[in-house]
$ cat start-v1.txt   # compact mmCIF, C-alpha atoms
# COMPACT_ATOMS: atom_id res chain seq x y z
CA MET A 15 -45.82 -32.01 2.23
CA PRO A 16 -45.95 -33.88 5.61
CA PHE A 17 -46.60 -31.74 8.66
CA THR A 18 -43.17 -32.27 10.26
CA LYS A 19 -41.37 -31.28 7.05
CA ARG A 20 -43.46 -28.11 6.82
CA LEU A 21 -42.43 -27.27 10.36
CA ILE A 22 -38.76 -27.81 9.63
CA VAL A 23 -38.91 -25.62 6.51
CA ALA A 24 -40.67 -22.89 8.46
CA LEU A 25 -38.03 -23.02 11.20
CA VAL A 26 -35.19 -22.77 8.67
CA LEU A 27 -36.80 -19.73 7.03
CA MET A 28 -37.32 -18.03 10.38
CA THR A 29 -33.72 -18.70 11.41
CA ALA A 30 -32.40 -17.33 8.11
CA THR A 31 -34.51 -14.22 8.59
CA ALA A 32 -33.07 -13.76 12.07
CA ALA A 33 -29.52 -14.18 10.80
CA PHE A 34 -29.87 -11.36 8.32
CA ALA A 35 -31.94 -9.04 10.52
CA ALA A 36 -30.30 -5.69 11.38
CA PRO A 37 -29.26 -5.65 15.06
CA THR A 38 -31.38 -3.35 17.17
CA GLY A 39 -29.49 -0.40 18.65
CA THR A 40 -26.48 -0.61 16.29
CA ALA A 41 -25.23 2.89 15.51
CA GLN A 42 -25.29 3.75 11.82
CA PRO A 43 -22.39 5.72 10.31
CA THR A 44 -23.07 9.43 10.41
CA SER A 45 -21.19 12.26 8.78
CA SER A 46 -19.03 13.88 11.47
CA ASN A 47 -18.25 17.57 11.73
CA ALA A 48 -14.73 16.80 10.50
CA SER A 49 -16.01 15.20 7.30
CA ALA A 50 -17.66 18.50 6.35
CA CYS A 51 -14.42 20.47 6.67
CA ALA A 52 -13.43 21.90 3.31
CA ASN A 53 -9.72 21.05 3.62
CA ARG A 54 -9.98 17.82 5.55
CA GLU A 55 -8.05 15.87 2.88
CA THR A 56 -6.32 18.37 0.60
CA PRO A 57 -5.36 22.05 0.45
CA PRO A 58 -7.52 24.44 -1.60
CA PRO A 59 -7.15 24.23 -5.40
CA PRO A 60 -3.94 25.80 -6.72
CA VAL A 61 -4.06 29.16 -8.44
CA ASP A 62 -1.19 28.48 -10.86
CA THR A 63 0.50 25.55 -12.63
CA SER A 64 3.15 24.83 -10.00
CA GLU A 65 1.41 21.66 -8.85
CA GLN A 66 0.91 20.08 -12.26
CA PRO A 67 2.80 16.77 -12.41
CA LYS A 68 5.57 16.33 -14.93
CA PRO A 69 4.62 14.67 -18.23
CA GLY A 70 4.27 10.94 -17.76
CA THR A 71 3.81 11.16 -13.99
CA LYS A 72 0.74 11.28 -11.78
CA ALA A 73 0.15 13.49 -8.77
CA PRO A 74 0.16 11.55 -5.50
CA GLY A 75 -3.20 10.97 -3.87
CA PRO A 76 -4.25 12.73 -0.66
CA LEU A 77 -2.64 11.64 2.57
CA GLU A 78 -4.77 9.34 4.67
CA VAL A 79 -6.87 11.14 7.26
CA PRO A 80 -6.38 9.59 10.72
CA GLU A 81 -9.46 7.93 12.17
CA SER A 82 -9.14 10.09 15.29
CA PRO A 83 -7.72 13.64 15.15
CA VAL A 84 -4.12 13.71 16.35
CA GLY A 85 -3.97 15.65 19.61
CA GLY A 86 -7.59 15.23 20.69
CA ASP A 87 -11.13 15.08 19.36
CA ARG A 88 -11.74 18.83 19.46
CA LEU A 89 -8.83 19.39 17.10
CA GLY A 90 -10.86 17.66 14.40
CA GLU A 91 -13.21 20.63 14.30
CA CYS A 92 -12.72 23.07 11.44
CA GLY A 93 -14.01 26.21 13.11
CA LEU A 94 -12.83 28.24 16.06
CA ILE A 95 -11.70 26.09 19.00
CA LEU A 96 -11.46 27.82 22.37
CA PRO A 97 -11.62 26.68 25.99
CA PRO A 98 -14.67 27.64 28.10
CA ASN A 99 -14.95 31.28 29.12
CA ALA A 100 -12.19 32.35 26.73
CA GLN A 101 -11.75 36.03 25.98
CA PRO A 102 -12.61 37.44 22.52
CA LEU A 103 -9.95 36.88 19.88
CA PRO A 104 -8.06 39.51 17.89
CA ASN A 105 -8.76 39.75 14.16
CA ILE A 106 -6.89 36.92 12.38
CA THR A 107 -6.96 36.48 8.59
CA ALA A 108 -5.27 33.06 8.46
CA ALA A 109 -7.42 30.19 7.17
CA SER A 110 -5.83 27.88 9.74
CA TRP A 111 -3.91 28.65 12.93
CA LEU A 112 -2.84 27.16 16.25
CA LEU A 113 -1.44 28.43 19.56
CA ALA A 114 0.28 26.03 21.95
CA ASP A 115 2.57 25.74 24.96
CA ILE A 116 5.94 24.40 23.80
CA ASP A 117 6.88 22.72 27.08
CA SER A 118 3.59 21.13 28.16
CA GLY A 119 2.32 20.62 24.62
CA ALA A 120 -1.11 21.98 25.56
CA VAL A 121 -2.99 23.45 22.59
CA LEU A 122 -4.48 26.69 23.93
CA ALA A 123 -6.61 27.73 20.96
CA ALA A 124 -6.93 26.95 17.27
CA TYR A 125 -8.86 27.43 14.07
CA ASP A 126 -9.16 24.45 11.71
CA PRO A 127 -5.87 23.05 13.10
CA HIS A 128 -5.85 19.90 10.95
CA GLY A 129 -7.12 21.67 7.84
CA ARG A 130 -4.63 20.83 5.10
CA GLN A 131 -2.79 23.78 3.63
CA ARG A 132 0.52 24.45 1.88
CA PRO A 133 3.58 25.23 3.99
CA ALA A 134 5.68 27.44 1.67
CA SER A 135 9.04 28.14 3.35
CA VAL A 136 7.99 27.08 6.85
CA ILE A 137 8.76 23.53 5.62
CA LYS A 138 12.41 24.59 5.90
CA VAL A 139 11.99 24.06 9.65
CA LEU A 140 11.54 20.36 8.93
CA LEU A 141 14.59 20.33 6.63
CA ALA A 142 16.62 22.17 9.28
CA MET A 143 15.56 19.61 11.88
CA VAL A 144 16.80 16.74 9.72
CA VAL A 145 20.07 18.59 9.12
CA ALA A 146 20.54 19.26 12.84
CA LYS A 147 19.79 15.62 13.56
CA GLU A 148 22.08 14.07 10.95
CA LEU A 149 24.90 16.47 9.97
CA ARG A 150 27.69 17.98 12.04
CA GLY A 151 27.91 21.75 11.87
CA ASP A 152 31.56 21.76 10.81
CA ILE A 153 31.06 19.58 7.71
CA VAL A 154 32.07 21.49 4.57
CA ALA A 155 29.74 21.45 1.55
CA THR A 156 30.62 22.62 -1.96
CA ALA A 157 27.92 24.45 -3.91
CA THR A 158 27.13 23.39 -7.49
CA ALA A 159 25.56 25.02 -10.50
CA GLU A 160 22.37 23.05 -9.82
CA ASP A 161 22.14 24.64 -6.37
CA ILE A 162 22.53 28.12 -7.81
CA GLU A 163 19.87 27.54 -10.50
CA GLN A 164 17.09 27.01 -7.98
CA GLU A 165 14.07 29.26 -8.15
CA CYS A 166 14.87 32.10 -5.75
CA THR A 167 14.60 33.49 -2.96
CA CYS A 168 18.39 32.83 -2.88
CA VAL A 169 21.25 33.73 -0.60
CA GLY A 170 23.72 33.95 -3.47
CA LEU A 171 25.94 30.86 -3.37
CA ARG A 172 28.94 30.63 -5.66
CA ASP A 173 29.48 27.67 -7.96
CA GLY A 174 32.32 25.77 -6.31
CA GLY A 175 32.04 27.85 -3.13
CA GLN A 176 32.59 26.02 0.15
CA TYR A 177 30.41 26.52 3.22
CA THR A 178 30.02 24.76 6.53
CA VAL A 179 26.72 23.08 7.35
CA ARG A 180 26.36 25.54 10.24
CA GLN A 181 26.67 28.51 7.88
CA LEU A 182 24.15 26.96 5.49
CA LEU A 183 21.69 26.19 8.31
CA GLN A 184 21.82 29.78 9.49
CA ALA A 185 21.35 31.08 5.94
CA LEU A 186 18.42 28.69 5.46
CA LEU A 187 16.56 29.98 8.52
CA LEU A 188 17.46 33.66 8.36
CA SER A 189 17.20 34.39 4.64
CA SER A 190 15.17 31.38 3.49
CA GLY A 191 17.60 30.58 0.68
CA ASN A 192 16.24 28.03 -1.79
CA ASP A 193 19.75 27.57 -3.16
CA VAL A 194 20.88 26.72 0.38
CA ALA A 195 17.97 24.27 0.82
CA HIS A 196 19.08 22.42 -2.30
CA THR A 197 22.70 22.31 -1.13
CA LEU A 198 21.70 20.88 2.24
CA ALA A 199 19.42 18.34 0.55
CA ARG A 200 22.41 17.12 -1.47
CA GLN A 201 24.37 16.71 1.77
CA LEU A 202 21.57 14.45 3.00
CA GLY A 203 22.03 12.16 0.01
CA GLY A 204 20.24 14.08 -2.74
CA VAL A 205 16.82 15.69 -2.99
CA PRO A 206 14.76 12.43 -3.13
CA ASN A 207 16.59 11.05 -0.12
CA ALA A 208 16.28 14.32 1.78
CA LEU A 209 12.52 14.38 1.13
CA ARG A 210 12.24 10.78 2.27
CA LYS A 211 14.00 11.69 5.52
CA MET A 212 11.87 14.80 6.00
CA ASN A 213 8.63 12.91 5.52
CA ALA A 214 9.78 10.02 7.70
CA LEU A 215 10.62 12.45 10.50
CA ALA A 216 7.26 14.20 10.14
CA LYS A 217 5.48 10.86 10.46
CA GLU A 218 7.63 9.93 13.46
CA LEU A 219 6.65 13.18 15.18
CA GLY A 220 2.96 12.59 14.51
CA ALA A 221 2.68 15.26 11.79
CA LEU A 222 0.38 13.09 9.66
CA ASP A 223 -1.02 15.97 7.56
CA THR A 224 2.45 16.78 6.19
CA ARG A 225 4.01 15.79 2.91
CA ALA A 226 7.14 17.66 1.80
CA VAL A 227 7.57 17.58 -1.98
CA THR A 228 10.44 20.09 -2.22
CA PRO A 229 13.11 20.80 0.40
CA SER A 230 12.54 24.55 0.05
CA GLY A 231 8.75 24.67 0.33
CA LEU A 232 8.14 25.57 -3.31
CA ASP A 233 4.76 24.15 -4.30
CA GLY A 234 4.54 20.81 -6.09
CA PRO A 235 2.06 17.96 -6.62
CA GLY A 236 0.85 16.56 -3.32
CA THR A 237 2.27 19.23 -1.01
CA SER A 238 0.47 19.35 2.31
CA THR A 239 0.72 20.34 5.97
CA SER A 240 -1.47 21.79 8.73
CA ALA A 241 -1.20 24.38 11.49
CA TYR A 242 -1.06 21.55 14.02
CA ASP A 243 1.79 19.83 12.18
CA VAL A 244 3.87 22.98 11.75
CA ALA A 245 3.64 23.70 15.49
CA LEU A 246 4.53 20.09 16.25
CA ILE A 247 7.55 20.21 13.92
CA PHE A 248 8.76 23.54 15.31
CA ARG A 249 8.45 22.21 18.85
CA GLY A 250 10.54 19.17 17.89
CA ALA A 251 13.17 21.27 16.11
CA MET A 252 13.64 23.51 19.16
CA LYS A 253 15.07 20.49 21.03
CA TYR A 254 18.17 20.66 18.79
CA PRO A 255 20.67 23.32 19.95
CA GLU A 256 21.93 23.93 16.40
CA PHE A 257 18.41 24.83 15.31
CA ALA A 258 17.48 26.82 18.43
CA ASP A 259 20.69 28.86 18.16
CA ALA A 260 20.21 29.59 14.46
CA ILE A 261 16.50 30.48 14.55
CA LYS A 262 17.02 33.22 17.17
CA LEU A 263 19.78 35.03 15.23
CA GLN A 264 18.86 38.50 14.06
CA GLN A 265 21.77 38.55 11.61
CA THR A 266 24.93 36.65 10.69
CA GLU A 267 27.96 37.03 8.46
CA PHE A 268 28.07 34.76 5.40
CA PRO A 269 30.70 34.21 2.67
CA GLY A 270 30.00 36.56 -0.25
CA ARG A 271 29.77 35.40 -3.85
CA ASN A 272 32.59 37.71 -4.86
CA GLY A 273 34.75 37.25 -1.81
CA GLY A 274 34.60 38.72 1.65
CA THR A 275 31.42 38.42 3.67
CA ILE A 276 27.86 39.69 3.46
CA THR A 277 25.37 40.25 6.26
CA LEU A 278 22.25 38.09 6.31
CA ASN A 279 19.30 39.48 8.25
CA SER A 280 16.43 37.43 9.64
CA ASP A 281 13.16 37.70 7.74
CA ASN A 282 11.32 37.20 11.06
CA LYS A 283 10.47 40.74 12.13
CA LEU A 284 9.23 39.62 15.56
CA LEU A 285 12.83 39.08 16.66
CA THR A 286 13.27 42.83 16.96
CA SER A 287 9.71 43.87 17.77
CA TYR A 288 8.28 41.29 20.17
CA GLU A 289 9.33 40.89 23.80
CA GLY A 290 10.76 37.43 24.45
CA ALA A 291 10.82 36.33 20.80
CA LEU A 292 12.70 33.04 20.35
CA GLY A 293 12.67 32.98 16.56
CA GLY A 294 10.42 32.03 13.71
CA LYS A 295 10.05 31.38 10.00
CA THR A 296 7.99 33.09 7.33
CA GLY A 297 6.87 31.77 3.98
CA PHE A 298 4.96 32.74 0.83
CA THR A 299 3.94 31.26 -2.49
CA ASP A 300 1.01 32.16 -4.72
CA ASP A 301 -0.77 28.93 -3.75
CA ALA A 302 0.17 28.89 -0.06
CA GLN A 303 -0.26 32.64 0.53
CA HIS A 304 1.46 33.88 3.69
CA THR A 305 2.59 31.37 6.30
CA TYR A 306 4.32 31.79 9.64
CA VAL A 307 5.58 29.84 12.63
CA GLY A 308 7.35 31.38 15.63
CA ALA A 309 7.82 31.21 19.38
CA ALA A 310 8.27 33.52 22.34
CA GLU A 311 8.94 33.24 26.08
CA ARG A 312 7.60 35.23 29.04
CA ASN A 313 7.97 34.45 32.73
CA GLY A 314 9.38 31.04 31.93
CA ARG A 315 6.48 30.11 29.67
CA ARG A 316 7.20 29.34 26.00
CA LEU A 317 4.47 29.49 23.35
CA VAL A 318 4.48 28.57 19.67
CA VAL A 319 2.10 30.04 17.10
CA THR A 320 1.39 28.90 13.55
CA LEU A 321 -0.61 30.68 10.84
CA LEU A 322 -1.27 29.24 7.38
CA ARG A 323 -2.87 30.83 4.33
CA GLY A 324 -2.88 34.28 5.85
CA GLN A 325 -3.11 37.72 4.32
CA GLN A 326 -1.07 40.85 4.97
CA THR A 327 -4.09 43.14 5.18
CA PRO A 328 -5.45 44.67 7.26
CA THR A 329 -2.71 43.32 9.56
CA ARG A 330 0.65 41.81 8.61
CA ILE A 331 0.98 38.11 9.28
CA VAL A 332 3.76 38.59 11.87
CA ASP A 333 1.64 41.14 13.71
CA GLN A 334 -1.25 38.68 13.76
CA ALA A 335 1.18 36.16 15.25
CA ALA A 336 2.13 38.72 17.92
CA LYS A 337 -1.53 39.26 18.81
CA LEU A 338 -2.08 35.53 19.20
CA LEU A 339 1.01 35.23 21.38
CA ASP A 340 -0.28 38.06 23.59
CA TYR A 341 -3.63 36.26 23.76
CA GLY A 342 -1.92 33.02 24.77
CA PHE A 343 0.25 34.57 27.47
CA ALA A 344 -2.90 36.09 29.00
CA MET A 345 -4.61 32.69 29.16
CA GLY A 346 -4.52 30.40 32.15
CA PRO A 347 -3.56 26.71 32.17
CA GLY A 348 -5.56 24.11 30.32
CA GLY A 349 -6.40 23.91 26.66
CA VAL A 350 -8.36 22.24 23.90
CA GLY A 351 -5.91 19.53 22.85
CA GLN A 352 -2.32 18.38 22.94
CA LEU A 353 0.80 18.43 20.80
CA VAL A 354 1.69 14.74 20.84
CA ASN A 355 5.11 13.33 21.72
CA GLY A 356 5.35 11.05 18.72
CA ALA A 357 3.00 9.45 16.24
CA PRO A 358 -0.06 7.70 17.69
CA GLN A 359 0.58 3.96 17.70
CA PRO A 360 -2.02 1.47 16.43
CA LYS A 361 -3.74 -0.50 19.14
CA GLN A 362 -2.13 -3.90 19.61
CA LYS A 363 -4.30 -7.01 19.82
CA VAL A 364 -3.83 -8.50 23.29
CA THR A 365 -3.61 -12.28 23.52
CA THR A 366 -3.35 -14.40 26.65
CA THR A 367 -2.98 -18.10 27.45
CA GLN A 368 -4.67 -17.75 30.85
CA PRO A 369 -8.34 -18.74 31.27
CA PRO A 370 -10.69 -15.75 31.29
CA ASN A 371 -12.21 -14.47 34.49
CA VAL A 372 -15.75 -15.75 35.00
CA ALA A 373 -17.15 -12.26 35.44
CA ASP A 374 -15.32 -11.06 32.34
CA THR A 375 -16.61 -14.07 30.39
CA ALA A 376 -20.17 -13.27 31.38
CA ALA A 377 -19.75 -9.63 30.37
CA THR A 378 -18.11 -10.34 27.04
CA GLY A 379 -19.86 -13.49 25.92
CA GLY A 380 -16.79 -15.68 26.53
CA ASP A 381 -14.67 -14.58 23.58
CA GLY A 382 -13.36 -11.22 24.84
CA ARG A 383 -15.74 -9.14 22.75
CA SER A 384 -18.47 -6.99 24.21
CA GLU A 385 -21.93 -8.33 23.34
CA ARG A 386 -23.10 -4.73 22.82
CA SER A 387 -20.37 -3.78 20.40
CA ALA A 388 -20.08 -7.17 18.69
CA PRO A 389 -23.51 -8.86 18.40
CA SER A 390 -23.83 -12.53 17.42
CA ALA A 391 -24.32 -13.57 13.84
CA PHE A 392 -28.08 -13.52 14.49
CA GLY A 393 -28.04 -9.97 15.85
CA ASN A 394 -30.05 -8.68 18.76
CA VAL A 395 -33.35 -9.44 17.01
CA GLY A 396 -32.35 -12.89 15.78
CA GLY A 397 -32.00 -14.34 19.31
CA PRO A 398 -35.64 -13.79 20.35
CA ILE A 399 -36.92 -14.91 16.94
CA THR A 400 -34.93 -18.13 17.12
CA ALA A 401 -36.18 -18.76 20.68
CA VAL A 402 -39.81 -18.30 19.62
CA ALA A 403 -39.25 -20.58 16.63
CA GLY A 404 -37.80 -23.27 18.89
CA LEU A 405 -40.78 -23.13 21.27
CA GLY A 406 -43.13 -23.32 18.31
CA LEU A 407 -41.36 -26.42 17.05
CA LEU A 408 -41.58 -28.11 20.44
CA ALA A 409 -45.30 -27.34 20.72
CA ALA A 410 -45.92 -28.66 17.21
CA LEU A 411 -44.05 -31.88 17.92
CA PHE A 412 -45.97 -32.34 21.20
CA MET A 413 -49.31 -31.99 19.36
CA TYR A 414 -48.16 -34.29 16.59
CA PHE A 415 -47.17 -37.11 18.95
CA ARG A 416 -50.35 -36.60 21.05
CA LYS A 417 -52.57 -37.02 17.97
CA LYS A 418 -50.55 -40.03 16.84
CA ARG A 419 -50.96 -41.68 20.26
CA ALA A 420 -54.74 -41.02 20.30
CA ARG A 421 -55.04 -42.51 16.79
CA ALA A 422 -53.20 -45.63 17.95
CA ARG A 423 -55.60 -46.01 20.91
CA ARG A 424 -58.67 -45.78 18.67
CA GLN A 425 -57.26 -48.36 16.30
CA ALA A 426 -56.56 -50.73 19.25
CA ALA A 427 -60.12 -50.27 20.57
CA GLN A 428 -61.66 -51.01 17.17
CA SER A 429 -59.55 -54.17 16.83
CA ALA A 430 -60.77 -55.42 20.22
$ encode --input "start-v1.txt" --output "structure tokens"
Amino acid sequence: MPFTKRLIVALVLMTATAAFAAPTGTAQPTSSNASACANRETPPPPVDTSEQPKPGTKAPGPLEVPESPVGGDRLGECGLILPPNAQPLPNITAASWLLADIDSGAVLAAYDPHGRQRPASVIKVLLAMVVAKELRGDIVATATAEDIEQECTCVGLRDGGQYTVRQLLQALLLSSGNDVAHTLARQLGGVPNALRKMNALAKELGALDTRAVTPSGLDGPGTSTSAYDVALIFRGAMKYPEFADAIKLQQTEFPGRNGGTITLNSDNKLLTSYEGALGGKTGFTDDAQHTYVGAAERNGRRLVVTLLRGQQTPTRIVDQAAKLLDYGFAMGPGGVGQLVNGAPQPKQKVTTTQPPNVADTAATGGDGRSERSAPSAFGNVGGPITAVAGLGLLAALFMYFRKKRARARRQAAQSA
């Protein structure tokens, strides 16, 4: 093979090697702390058959995990999250919990806040929020046999009985009636439509760990929420007067099944035992275990607390909530994250018709991308290799033409 061809082949091979070389200094993917969290994608395995899909159907896949934890990076941790110099915590049995300021949105402390768990009846807060948003309190709803046949806890509706939306909302939050949840879902256009609205509202709020699969909180395939989401939903619901008025009731009169009225009492024991209690919601299923969300106010400061997958021993779940509220009221300002005011929006690609600034062009390589974060096709190693190859080619060509010229001189001398 002629010398020049050998040089060209060598240069091509060196350039190809540079093009495929790994860029120096490029960070390799590493497993983050969040990826090791046991419930990062799904709740723990169920203990019964309530989440088995119906014959011929498949369970929905896990909800997508946001690239960045909603509310701040620290909230992606799955252990105890406290601000610097925080005081020791009381004994809490919940697998996931969060304490936050309702008005500022500051997350004061948390434990595995985005860990995915089951909501049980605290999902009724989301249903109540949709009802408060979309239905007038004086609308009259008629109960059906399907409503009454729901798996109880039940208030005791009567087939054909008529109730205002306001009465049903109060019964939903005080006595956690599953029959009432079904009736309200029908008023929202039927159970599938009610669930669609609940999940759309959760997404709008930024509660991206939440998927409601029943309006009542009974377990089903794909059910999911987190302590962060429940606090976020409760905070949003408190902005609706119909909800805020209902959740703080200790008792209310409700139409009885056999005529007259019955008294419904709140299942939130903190209303009568905790100073400044604003209301709350309890929940329980075999898979979810004990769940709770509630709020209280002291000296003009309102806090919300959420506990998921808790136990009643050695301390009842509502008493654990009270201890966390006490802990929060004793804390100063600041926090470890934020309850967002709406779902994080994807970053928009910015385009412009104006010529780039010279300094910006130099810093970004002329195309708007950082040379550090977006190396050329040849990578950071390929550039030097290509430069060396080019110099080698020039030197080889210089020597080639020098030898050719000397050969021509010798031939001319011999001819003379």
$ residues_around --input "start-v1.txt" --residues "range 133-141 of chain A" --least-positions-apart "4" --cutoff "9 Å" --atoms "all atoms listed in the file" --output "JSON, numbers by chain"
{"A": [145, 146, 186, 187, 190, 192, 195, 198, 199, 208, 209, 211, 212, 213, 215, 216, 224, 226, 228, 229, 230, 231, 232, 233, 237, 238, 239, 240, 241, 244, 247, 248, 251, 257, 294, 295, 296, 297, 298, 299, 301, 302, 303, 304, 305, 306, 307, 322, 323]}
$ atom_distance --input "start-v1.txt" --atom1 "CA of Asp62 in chain A" --atom2 "CA of Glu165 in chain A"
15.5 Å
$ axis_aligned_box --input "start-v1.txt" --around "range 328-334 of chain A" --padding-each-side "4 Å" --output "AutoDock Vina command-line options"
--center_x -0.8 --center_y 41.4 --center_z 10.5 --size_x 17.2 --size_y 14.6 --size_z 14.5
$ atom_distance --input "start-v1.txt" --atom1 "CA of Lys283 in chain A" --atom2 "CA of Arg330 in chain A"
10.5 Å
$ residues_around --input "start-v1.txt" --residues "range 106-119 of chain A" --least-positions-apart "3" --cutoff "6 Å" --atoms "all atoms listed in the file" --output "number ranges by chain"
A: 122-127, 241, 249, 316-325, 352-353
$ closest_residue --input "start-v1.txt" --among "A:Gly236, A:Gly170, A:Pro98, A:Gly293" --to "Leu188 in chain A" --atoms "all atoms listed in the file"
A:Gly293
$ atom_distance --input "start-v1.txt" --atom1 "CA of Thr158 in chain A" --atom2 "CA of Asp173 in chain A"
4.9 Å
$ closest_residue --input "start-v1.txt" --among "A:Gln264, A:Thr56, A:Thr197, A:Thr178" --to "Ala157 in chain A" --atoms "all atoms listed in the file"
A:Thr197
$ residues_near_point --input "start-v1.txt" --point "(-7.9, 19.0, 0.2)" --cutoff "12 Å" --atoms "all atoms listed in the file" --output "MDAnalysis selection string"
chainID A and resid 49:60 75:79 128:132 223 236:240
$ write_last_selection --input "start-v1.txt" --atoms "C-alpha atoms" --output "mmCIF file, keeping the file's coordinate frame"
data_model
loop_
_atom_site.group_PDB
_atom_site.id
_atom_site.type_symbol
_atom_site.label_atom_id
_atom_site.label_comp_id
_atom_site.auth_asym_id
_atom_site.auth_seq_id
_atom_site.Cartn_x
_atom_site.Cartn_y
_atom_site.Cartn_z
ATOM 1 C CA SER A 49 -16.010 15.200 7.300
ATOM 2 C CA ALA A 50 -17.660 18.500 6.350
ATOM 3 C CA CYS A 51 -14.420 20.470 6.670
ATOM 4 C CA ALA A 52 -13.430 21.900 3.310
ATOM 5 C CA ASN A 53 -9.720 21.050 3.620
ATOM 6 C CA ARG A 54 -9.980 17.820 5.550
ATOM 7 C CA GLU A 55 -8.050 15.870 2.880
ATOM 8 C CA THR A 56 -6.320 18.370 0.600
ATOM 9 C CA PRO A 57 -5.360 22.050 0.450
ATOM 10 C CA PRO A 58 -7.520 24.440 -1.600
ATOM 11 C CA PRO A 59 -7.150 24.230 -5.400
ATOM 12 C CA PRO A 60 -3.940 25.800 -6.720
ATOM 13 C CA GLY A 75 -3.200 10.970 -3.870
ATOM 14 C CA PRO A 76 -4.250 12.730 -0.660
ATOM 15 C CA LEU A 77 -2.640 11.640 2.570
ATOM 16 C CA GLU A 78 -4.770 9.340 4.670
ATOM 17 C CA VAL A 79 -6.870 11.140 7.260
ATOM 18 C CA HIS A 128 -5.850 19.900 10.950
ATOM 19 C CA GLY A 129 -7.120 21.670 7.840
ATOM 20 C CA ARG A 130 -4.630 20.830 5.100
ATOM 21 C CA GLN A 131 -2.790 23.780 3.630
ATOM 22 C CA ARG A 132 0.520 24.450 1.880
ATOM 23 C CA ASP A 223 -1.020 15.970 7.560
ATOM 24 C CA GLY A 236 0.850 16.560 -3.320
ATOM 25 C CA THR A 237 2.270 19.230 -1.010
ATOM 26 C CA SER A 238 0.470 19.350 2.310
ATOM 27 C CA THR A 239 0.720 20.340 5.970
ATOM 28 C CA SER A 240 -1.470 21.790 8.730
#
$ residues_around --input "start-v1.txt" --residues "Gln265 in chain A" --least-positions-apart "3" --cutoff "10 Å" --atoms "only C-alpha atoms" --output "CSV table (one decimal) with C-alpha atoms, in the frame of the given file"
chain,number,residue,atom,x,y,z
A,184,GLN,CA,21.8,29.8,9.5
A,185,ALA,CA,21.4,31.1,5.9
A,188,LEU,CA,17.5,33.7,8.4
A,189,SER,CA,17.2,34.4,4.6
A,260,ALA,CA,20.2,29.6,14.5
A,262,LYS,CA,17.0,33.2,17.2
A,268,PHE,CA,28.1,34.8,5.4
A,277,THR,CA,25.4,40.2,6.3
A,278,LEU,CA,22.2,38.1,6.3
A,279,ASN,CA,19.3,39.5,8.2
A,280,SER,CA,16.4,37.4,9.6
A,281,ASP,CA,13.2,37.7,7.7
$ closest_residue --input "start-v1.txt" --among "A:Val354, A:Gly174, A:Asp193, A:Glu218" --to "Ala245 in chain A" --atoms "all atoms listed in the file"
A:Val354
